[in-house]
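Everything below belongs to input.txt, which stores compact mmCIF, C-alpha atoms.
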# COMPACT_ATOMS: atom_id res chain seq x y z
CA MET J 151 24.32 33.11 16.97
CA LEU J 152 25.93 29.97 15.61
CA GLY J 153 23.79 27.83 17.90
CA GLU J 154 20.66 29.62 16.73
CA THR J 155 21.63 29.08 13.09
CA ASN J 156 22.23 25.37 13.66
CA ALA J 157 18.93 25.01 15.51
CA SER J 158 17.11 26.80 12.69
CA GLY J 159 18.73 24.50 10.14
CA GLU J 160 17.79 21.41 12.09
CA MET J 161 14.18 22.61 12.41
CA SER J 162 14.06 23.27 8.66
CA ARG J 163 15.41 19.81 7.85
CA GLY J 164 12.97 18.23 10.28
CA PHE J 165 10.08 20.14 8.72
CA TYR J 166 10.89 19.00 5.21
CA LEU J 167 11.54 15.45 6.36
CA GLU J 168 8.12 15.38 8.01
CA ARG J 169 6.45 16.70 4.86
CA GLY J 170 8.33 14.23 2.71
CA CYS J 171 7.31 11.27 4.85
CA ALA J 172 3.72 12.51 4.97
CA ALA J 173 3.68 12.86 1.19
CA ALA J 174 5.03 9.35 0.70
CA ILE J 175 2.48 7.73 3.02
CA ALA J 176 -0.38 9.82 1.60
CA SER J 177 0.60 8.85 -1.96
CA MET J 178 0.62 5.15 -1.05
CA THR J 179 -2.76 5.45 0.62
CA TRP J 180 -4.42 7.37 -2.22
CA PHE J 181 -2.98 4.87 -4.71
CA ALA J 182 -4.30 1.87 -2.77
CA LEU J 183 -7.74 3.44 -2.32
CA ALA J 184 -7.94 4.29 -6.02
CA VAL J 185 -6.90 0.80 -7.08
CA GLN J 186 -9.44 -0.87 -4.80
CA LEU J 187 -12.20 1.48 -5.94
CA CYS J 188 -11.39 0.79 -9.60
CA PHE J 189 -11.62 -2.95 -9.03
CA ASP J 190 -14.94 -2.54 -7.23
CA ILE J 191 -16.37 -0.41 -10.04
CA GLN J 192 -15.07 -2.85 -12.63
CA GLU J 193 -16.80 -5.71 -10.83
CA ALA J 194 -20.03 -3.72 -10.61
CA VAL J 195 -19.96 -3.03 -14.33
CA SER J 196 -19.25 -6.67 -15.18
CA LYS J 197 -22.21 -7.78 -13.07
CA ASN J 198 -24.46 -4.96 -14.30
CA HIS J 199 -24.78 -3.57 -10.76
CA SER J 200 -25.21 0.06 -9.81
CA ILE J 201 -21.90 1.90 -9.68
CA ALA J 202 -23.31 4.39 -7.17
CA VAL J 203 -24.32 1.58 -4.83
CA ARG J 204 -20.92 -0.02 -5.17
CA VAL J 205 -19.20 3.26 -4.30
CA ILE J 206 -21.39 3.54 -1.20
CA ASP J 207 -20.44 -0.04 -0.31
CA PHE J 208 -16.78 0.86 -0.78
CA LEU J 209 -17.07 3.84 1.56
CA SER J 210 -18.92 1.77 4.18
CA PHE J 211 -15.88 -0.22 5.28
CA PHE J 212 -13.98 0.85 8.38
CA THR J 213 -10.71 0.10 6.61
CA ILE J 214 -11.53 2.41 3.72
CA GLU J 215 -12.83 5.22 5.91
CA THR J 216 -9.80 5.14 8.21
CA ASN J 217 -7.28 5.04 5.38
CA LEU J 218 -9.17 7.85 3.65
CA VAL J 219 -8.92 10.09 6.72
CA ILE J 220 -5.22 9.30 7.08
CA ALA J 221 -4.70 10.25 3.43
CA LEU J 222 -6.56 13.53 3.99
CA VAL J 223 -4.65 14.39 7.17
CA LEU J 224 -1.27 13.76 5.59
CA THR J 225 -2.23 15.57 2.38
CA ILE J 226 -3.24 18.65 4.39
CA LEU J 227 0.09 18.49 6.20
CA CYS J 228 1.93 18.45 2.86
CA THR J 229 -0.07 21.14 1.08
CA GLN J 230 -1.09 23.48 3.90
CA PRO J 231 1.23 22.78 6.85
CA GLY J 232 0.50 26.09 8.55
CA MET J 233 -3.26 25.67 8.64
CA ASN J 234 -4.74 25.01 12.08
CA ARG J 235 -7.49 22.57 11.26
CA PHE J 236 -9.35 19.89 13.14
CA LEU J 237 -7.72 17.10 11.17
CA SER J 238 -4.26 18.49 11.96
CA ARG J 239 -4.63 18.36 15.74
CA PRO J 240 -2.34 15.96 17.65
CA ASP J 241 -5.30 14.25 19.32
CA VAL J 242 -6.89 13.53 15.93
CA LYS J 243 -3.62 12.20 14.52
CA SER J 244 -3.23 10.07 17.64
CA ALA J 245 -6.78 8.72 17.35
CA LEU J 246 -5.93 7.56 13.85
CA VAL J 247 -3.15 5.41 15.31
CA VAL J 248 -5.78 3.55 17.34
CA TYR J 249 -8.08 3.11 14.36
CA ILE J 250 -5.45 2.00 11.86
CA VAL J 251 -3.89 -0.47 14.30
CA ILE J 252 -7.32 -2.04 14.80
CA VAL J 253 -7.67 -2.20 11.02
CA GLY J 254 -4.45 -4.18 10.70
CA VAL J 255 -5.01 -6.47 13.69
CA VAL J 256 -8.63 -7.35 12.92
CA TYR J 257 -7.83 -7.99 9.27
CA GLU J 258 -4.93 -10.26 10.17
CA LEU J 259 -6.85 -12.26 12.76
CA LEU J 260 -10.36 -12.41 11.32
CA LEU J 261 -10.52 -11.40 7.66
CA ARG J 262 -7.35 -12.15 5.71
CA HIS J 263 -8.29 -15.80 5.14
CA LEU J 264 -11.66 -14.87 3.62
CA TRP J 265 -10.30 -13.78 0.24
CA HIS J 266 -7.12 -14.03 -1.78
CA PRO J 267 -6.49 -11.00 -4.03
CA GLN J 268 -3.93 -11.19 -6.80
CA GLY J 269 -1.68 -8.78 -8.65
CA LEU J 270 -2.39 -5.07 -8.26
CA GLN J 271 -5.32 -5.76 -5.96
CA LEU J 272 -3.02 -7.71 -3.64
CA LEU J 273 -0.68 -4.72 -3.53
CA ALA J 274 -3.57 -2.42 -2.63
CA ASP J 275 -4.70 -4.88 0.02
CA MET J 276 -1.23 -4.99 1.58
CA LEU J 277 -0.95 -1.22 1.54
CA LEU J 278 -4.31 -0.64 3.23
CA HIS J 279 -3.99 -3.35 5.88
CA ASP J 280 -0.26 -3.76 6.50
CA ILE J 281 2.06 -1.10 5.10
CA VAL J 282 0.10 2.10 5.76
CA PRO J 283 -0.77 1.05 9.34
CA LEU J 284 2.91 0.41 10.10
CA LEU J 285 4.19 3.56 8.40
CA TYR J 286 1.54 5.79 9.95
CA CYS J 287 2.37 4.50 13.44
CA LEU J 288 6.04 5.25 12.82
CA PHE J 289 5.10 8.69 11.50
CA TRP J 290 3.12 9.36 14.67
CA LEU J 291 6.00 8.25 16.88
CA VAL J 292 8.55 10.45 15.12
CA PHE J 293 6.69 13.58 14.04
CA VAL J 294 3.46 14.17 15.98
CA PRO J 295 4.05 16.46 19.00
CA LYS J 296 3.72 14.61 22.29
CA GLY J 297 2.35 15.66 25.66
CA SER J 298 -1.05 17.08 24.76
CA LEU J 299 -3.15 13.94 25.13
CA ARG J 300 -5.47 13.40 28.09
CA TRP J 301 -6.61 10.09 29.54
CA SER J 302 -10.19 11.05 28.64
CA ASP J 303 -9.23 11.13 24.95
CA ALA J 304 -9.37 7.33 24.87
CA ALA J 305 -13.11 7.55 25.62
CA THR J 306 -13.66 10.42 23.17
CA TRP J 307 -12.03 8.38 20.40
CA LEU J 308 -14.76 5.75 20.76
CA VAL J 309 -17.27 8.07 19.04
CA TYR J 310 -16.07 7.07 15.58
CA PRO J 311 -16.25 3.25 16.01
CA ILE J 312 -19.60 3.57 17.79
CA ALA J 313 -20.97 5.73 14.97
CA PHE J 314 -19.62 3.24 12.43
CA PHE J 315 -21.32 0.36 14.25
CA VAL J 316 -24.66 2.17 14.46
CA TYR J 317 -24.49 3.06 10.77
CA SER J 318 -23.59 -0.52 9.84
CA MET J 319 -26.49 -1.91 11.85
CA LEU J 320 -29.01 0.52 10.38
CA ARG J 321 -27.74 -0.15 6.88
CA GLY J 322 -27.80 -3.88 7.51
CA VAL J 323 -31.39 -3.80 8.75
CA ALA J 324 -32.46 -1.68 5.79
CA PHE J 325 -30.59 -3.49 3.00
CA GLY J 326 -29.32 -6.75 4.50
CA ILE J 327 -25.69 -5.74 3.88
CA TYR J 328 -23.10 -5.94 6.65
CA PRO J 329 -19.47 -4.93 6.00
CA TYR J 330 -17.88 -7.62 8.19
CA PRO J 331 -18.93 -11.15 9.16
CA PHE J 332 -18.45 -10.55 12.91
CA ILE J 333 -21.16 -7.86 12.87
CA ASP J 334 -23.50 -9.70 10.50
CA ALA J 335 -26.67 -9.59 12.61
CA ALA J 336 -28.66 -11.52 10.00
CA ARG J 337 -26.40 -14.54 10.47
CA LEU J 338 -25.20 -14.19 14.07
CA GLY J 339 -28.15 -12.44 15.68
CA PHE J 340 -28.08 -9.10 17.46
CA ALA J 341 -27.11 -10.62 20.81
CA GLN J 342 -23.86 -12.12 19.49
CA VAL J 343 -23.13 -9.05 17.40
CA SER J 344 -23.54 -6.90 20.51
CA VAL J 345 -21.03 -9.06 22.37
CA ASN J 346 -18.60 -8.83 19.46
CA ALA J 347 -19.05 -5.07 19.34
CA MET J 348 -18.36 -4.70 23.06
CA ILE J 349 -15.16 -6.73 22.72
CA LEU J 350 -13.99 -4.55 19.85
CA LEU J 351 -14.96 -1.41 21.75
CA ALA J 352 -12.87 -2.60 24.69
CA LEU J 353 -9.94 -3.11 22.31
CA PHE J 354 -10.36 0.41 20.96
CA PHE J 355 -10.44 1.84 24.47
CA GLY J 356 -7.48 -0.21 25.69
CA LEU J 357 -5.40 0.77 22.70
CA GLY J 358 -6.41 4.39 23.21
CA ILE J 359 -5.13 4.22 26.79
CA GLY J 360 -1.91 2.67 25.49
CA VAL J 361 -1.39 5.41 22.88
CA THR J 362 -2.03 8.07 25.54
CA ALA J 363 0.46 6.42 27.88
CA ILE J 364 3.11 6.36 25.14
CA ASP J 365 2.40 10.00 24.34
CA ARG J 366 2.84 11.06 27.97
CA ALA J 367 5.95 8.92 28.46
CA LEU J 368 7.64 10.36 25.36
CA ALA J 369 6.70 13.89 26.42
CA SER J 370 8.23 13.32 29.87
CA ASP J 371 11.38 11.95 28.25
CA ASP J 372 11.65 14.97 25.95
CA ARG J 373 11.23 17.37 28.88
CA GLY J 374 13.91 15.49 30.80
CA ARG J 375 16.36 15.72 27.93
CA SER J 376 15.56 19.41 27.47
CA GLY J 377 16.25 20.02 31.16
CA LEU J 378 19.59 18.23 30.96
CA GLY J 379 20.52 20.23 27.90
CA THR J 380 19.69 23.52 29.61
CA ALA J 381 21.70 22.54 32.69
CA ALA J 382 24.69 21.64 30.53
CA GLU J 383 24.57 25.01 28.80
CA LEU J 384 24.54 26.78 32.16
Go through the file and emit its structure as structure tokens.
Amino acid sequence: MLGETNASGEMSRGFYLERGCAAAIASMTWFALAVQLCFDIQEAVSKNHSIAVRVIDFLSFFTIETNLVIALVLTILCTQPGMNRFLSRPDVKSALVVYIVIVGVVYELLLRHLWHPQGLQLLADMLLHDIVPLLYCLFWLVFVPKGSLRWSDAATWLVYPIAFFVYSMLRGVAFGIYPYPFIDAARLGFAQVSVNAMILLALFFGLGIGVTAIDRALASDDRGRSGLGTAAEL
């Protein structure tokens, strides 16, 4: 009975710790998204541009979309933890690790030098590209259940970046607007953009395999510890 009580207490503490961490990361993400959107709207107003178009532009960046989904997933976890929803599945949460790591790596290697935000906008930039990616990866390592991922998930997770690329190309052809310079077909040509896209797709897939391998390794380790614990009790 005492052991059951202690186990129940530990589970309760773990549950509230998970919700607290999710709430903290979600709050940071919503804050950063709101700040960046406010700056974009402010710039649109100052230049007498369409606010609706600027909002669409804002939502057309992979960084924004990925951070937005992370904020939604963690908010659902905080507000409705018992709900069995698509966004709450371990494979979806694991896919977000792949996407947000790509966000941070690509920004650091290819995009950070292109602009130099200041003040509150710099804080939002750091949150979206540096802090949230790191914290979400740690959250995944600590709290997301391990052992349910399949090797084929790495291929399934490519649907989102492929859909984003197709959307970006169609939007670029229609309006001449490309979200990132390395997929700017008007400047680079479709052949070079296709090569760049294939390289990025390979990175997504490789990272997906890596996340799956970590998931399976941690699950095996947990099962091993559980087996040792059971043997000790016997």
Between J:Ala305, J:Ile220, J:Val248, J:Leu259, which has the minimum distance to Ala176 (chain J) (counting only C-alpha atoms)?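 Among the listed residues, the smallest separation from Ala176 (chain J) belongs to J:Ile220.
The shortest atom-to-atom distance to Ala304 (chain J), with all atoms listed in the file taken into account, belongs to J:Gly360 out of J:Gly360, J:Gly170, J:Gly164, J:Pro240.
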Counting all atoms listed in the file, which residue out of J:Leu284, J:Ala336, J:Val345, J:Cys171 sits closest to Ile252 (chain J)?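 Ranked by minimum distance to Ile252 (chain J), first place goes to J:Leu284.
Once Arg337 (chain J) and its same-chain neighbours fewer than 5 positions away are set aside, Gly322, Val323, Gly326, Ile327, Tyr328, Tyr330, Pro331, Phe332, Gln342 and Val343 of chain J remain within 12 Å of it when counting only C-alpha atoms.
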For those residues, write C-alpha atoms to a file as a PDB file, keeping the file's coordinate frame.
ATOM      1  CA  GLY J 322     -27.800  -3.880   7.510  1.00  0.00           C
ATOM      2  CA  VAL J 323     -31.390  -3.800   8.750  1.00  0.00           C
ATOM      3  CA  GLY J 326     -29.320  -6.750   4.500  1.00  0.00           C
ATOM      4  CA  ILE J 327     -25.690  -5.740   3.880  1.00  0.00           C
ATOM      5  CA  TYR J 328     -23.100  -5.940   6.650  1.00  0.00           C
ATOM      6  CA  TYR J 330     -17.880  -7.620   8.190  1.00  0.00           C
ATOM      7  CA  PRO J 331     -18.930 -11.150   9.160  1.00  0.00           C
ATOM      8  CA  PHE J 332     -18.450 -10.550  12.910  1.00  0.00           C
ATOM      9  CA  GLN J 342     -23.860 -12.120  19.490  1.00  0.00           C
ATOM     10  CA  VAL J 343     -23.130  -9.050  17.400  1.00  0.00           C
TER      11      VAL J 343
END
Mind checking which residues fall within 9 Å of His279 (chain J), counting all atoms listed in the file, ignoring those fewer than 3 positions away in the same chain, and posting them as an mmCIF file with C-alpha atoms, in the coordinates of the input?
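Result written to part.cif:
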data_model
loop_
_atom_site.group_PDB
_atom_site.id
_atom_site.type_symbol
_atom_site.label_atom_id
_atom_site.label_comp_id
_atom_site.auth_asym_id
_atom_site.auth_seq_id
_atom_site.Cartn_x
_atom_site.Cartn_y
_atom_site.Cartn_z
ATOM 1 C CA THR J 213 -10.710 0.100 6.610
ATOM 2 C CA ILE J 250 -5.450 2.000 11.860
ATOM 3 C CA VAL J 251 -3.890 -0.470 14.300
ATOM 4 C CA VAL J 253 -7.670 -2.200 11.020
ATOM 5 C CA GLY J 254 -4.450 -4.180 10.700
ATOM 6 C CA VAL J 255 -5.010 -6.470 13.690
ATOM 7 C CA TYR J 257 -7.830 -7.990 9.270
ATOM 8 C CA GLU J 258 -4.930 -10.260 10.170
ATOM 9 C CA ALA J 274 -3.570 -2.420 -2.630
ATOM 10 C CA ASP J 275 -4.700 -4.880 0.020
ATOM 11 C CA MET J 276 -1.230 -4.990 1.580
ATOM 12 C CA VAL J 282 0.100 2.100 5.760
ATOM 13 C CA PRO J 283 -0.770 1.050 9.340
ATOM 14 C CA LEU J 284 2.910 0.410 10.100
#
Applying 10 Å and only C-alpha atoms, which residues near Tyr249 (chain J) remain after dropping the ones on its own chain fewer than 6 positions away? List them as number ranges by chain. J: 212-213, 215-217, 220, 283, 307-308, 310-311, 354, 357-358
CA of Ser302 (chain J) to CA of Tyr286 (chain J), straight-line distance in Å: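 Interatomic distance here is 22.7 Å.
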Mind listing whatever residues come within 10 Å of the point (-19.7, -7.5, 16.3)? Use all atoms listed in the file, file coordinates, and give them as a PDB file with C-alpha atoms, in the coordinates of the input.
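And here is the file that came out, part.pdb:
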ATOM      1  CA  PHE J 315     -21.320   0.360  14.250  1.00  0.00           C
ATOM      2  CA  MET J 319     -26.490  -1.910  11.850  1.00  0.00           C
ATOM      3  CA  TYR J 330     -17.880  -7.620   8.190  1.00  0.00           C
ATOM      4  CA  PRO J 331     -18.930 -11.150   9.160  1.00  0.00           C
ATOM      5  CA  PHE J 332     -18.450 -10.550  12.910  1.00  0.00           C
ATOM      6  CA  ILE J 333     -21.160  -7.860  12.870  1.00  0.00           C
ATOM      7  CA  ASP J 334     -23.500  -9.700  10.500  1.00  0.00           C
ATOM      8  CA  ALA J 335     -26.670  -9.590  12.610  1.00  0.00           C
ATOM      9  CA  LEU J 338     -25.200 -14.190  14.070  1.00  0.00           C
ATOM     10  CA  GLY J 339     -28.150 -12.440  15.680  1.00  0.00           C
ATOM     11  CA  PHE J 340     -28.080  -9.100  17.460  1.00  0.00           C
ATOM     12  CA  ALA J 341     -27.110 -10.620  20.810  1.00  0.00           C
ATOM     13  CA  GLN J 342     -23.860 -12.120  19.490  1.00  0.00           C
ATOM     14  CA  VAL J 343     -23.130  -9.050  17.400  1.00  0.00           C
ATOM     15  CA  SER J 344     -23.540  -6.900  20.510  1.00  0.00           C
ATOM     16  CA  VAL J 345     -21.030  -9.060  22.370  1.00  0.00           C
ATOM     17  CA  ASN J 346     -18.600  -8.830  19.460  1.00  0.00           C
ATOM     18  CA  ALA J 347     -19.050  -5.070  19.340  1.00  0.00           C
ATOM     19  CA  MET J 348     -18.360  -4.700  23.060  1.00  0.00           C
ATOM     20  CA  ILE J 349     -15.160  -6.730  22.720  1.00  0.00           C
ATOM     21  CA  LEU J 350     -13.990  -4.550  19.850  1.00  0.00           C
ATOM     22  CA  LEU J 351     -14.960  -1.410  21.750  1.00  0.00           C
TER      23      LEU J 351
END
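Proximity to Leu224 (chain J) was assessed for J:Ala245, J:Leu237, J:Ala324, J:Asp207 counting only C-alpha atoms; the smallest distance is recorded for J:Leu237.
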Which residues are close to region 199-201 of chain J, i.e. within 12 Å by only C-alpha atoms, leaving aside same-chain residues fewer than 6 positions away? Reply as an NGL selection string. :J and (187-193 or 207-208)
Would you compute the distance between CA of Tyr166 (chain J) and CA of Phe293 (chain J)? Give it in Å to one decimal.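 That distance, rounded to one decimal, is 11.2 Å.
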Between CA of Leu277 (chain J) and CA of Lys197 (chain J), what is the distance in Å, rounded to a tenth?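 CA of Lys197 (chain J) lies 26.6 Å from CA of Leu277 (chain J).
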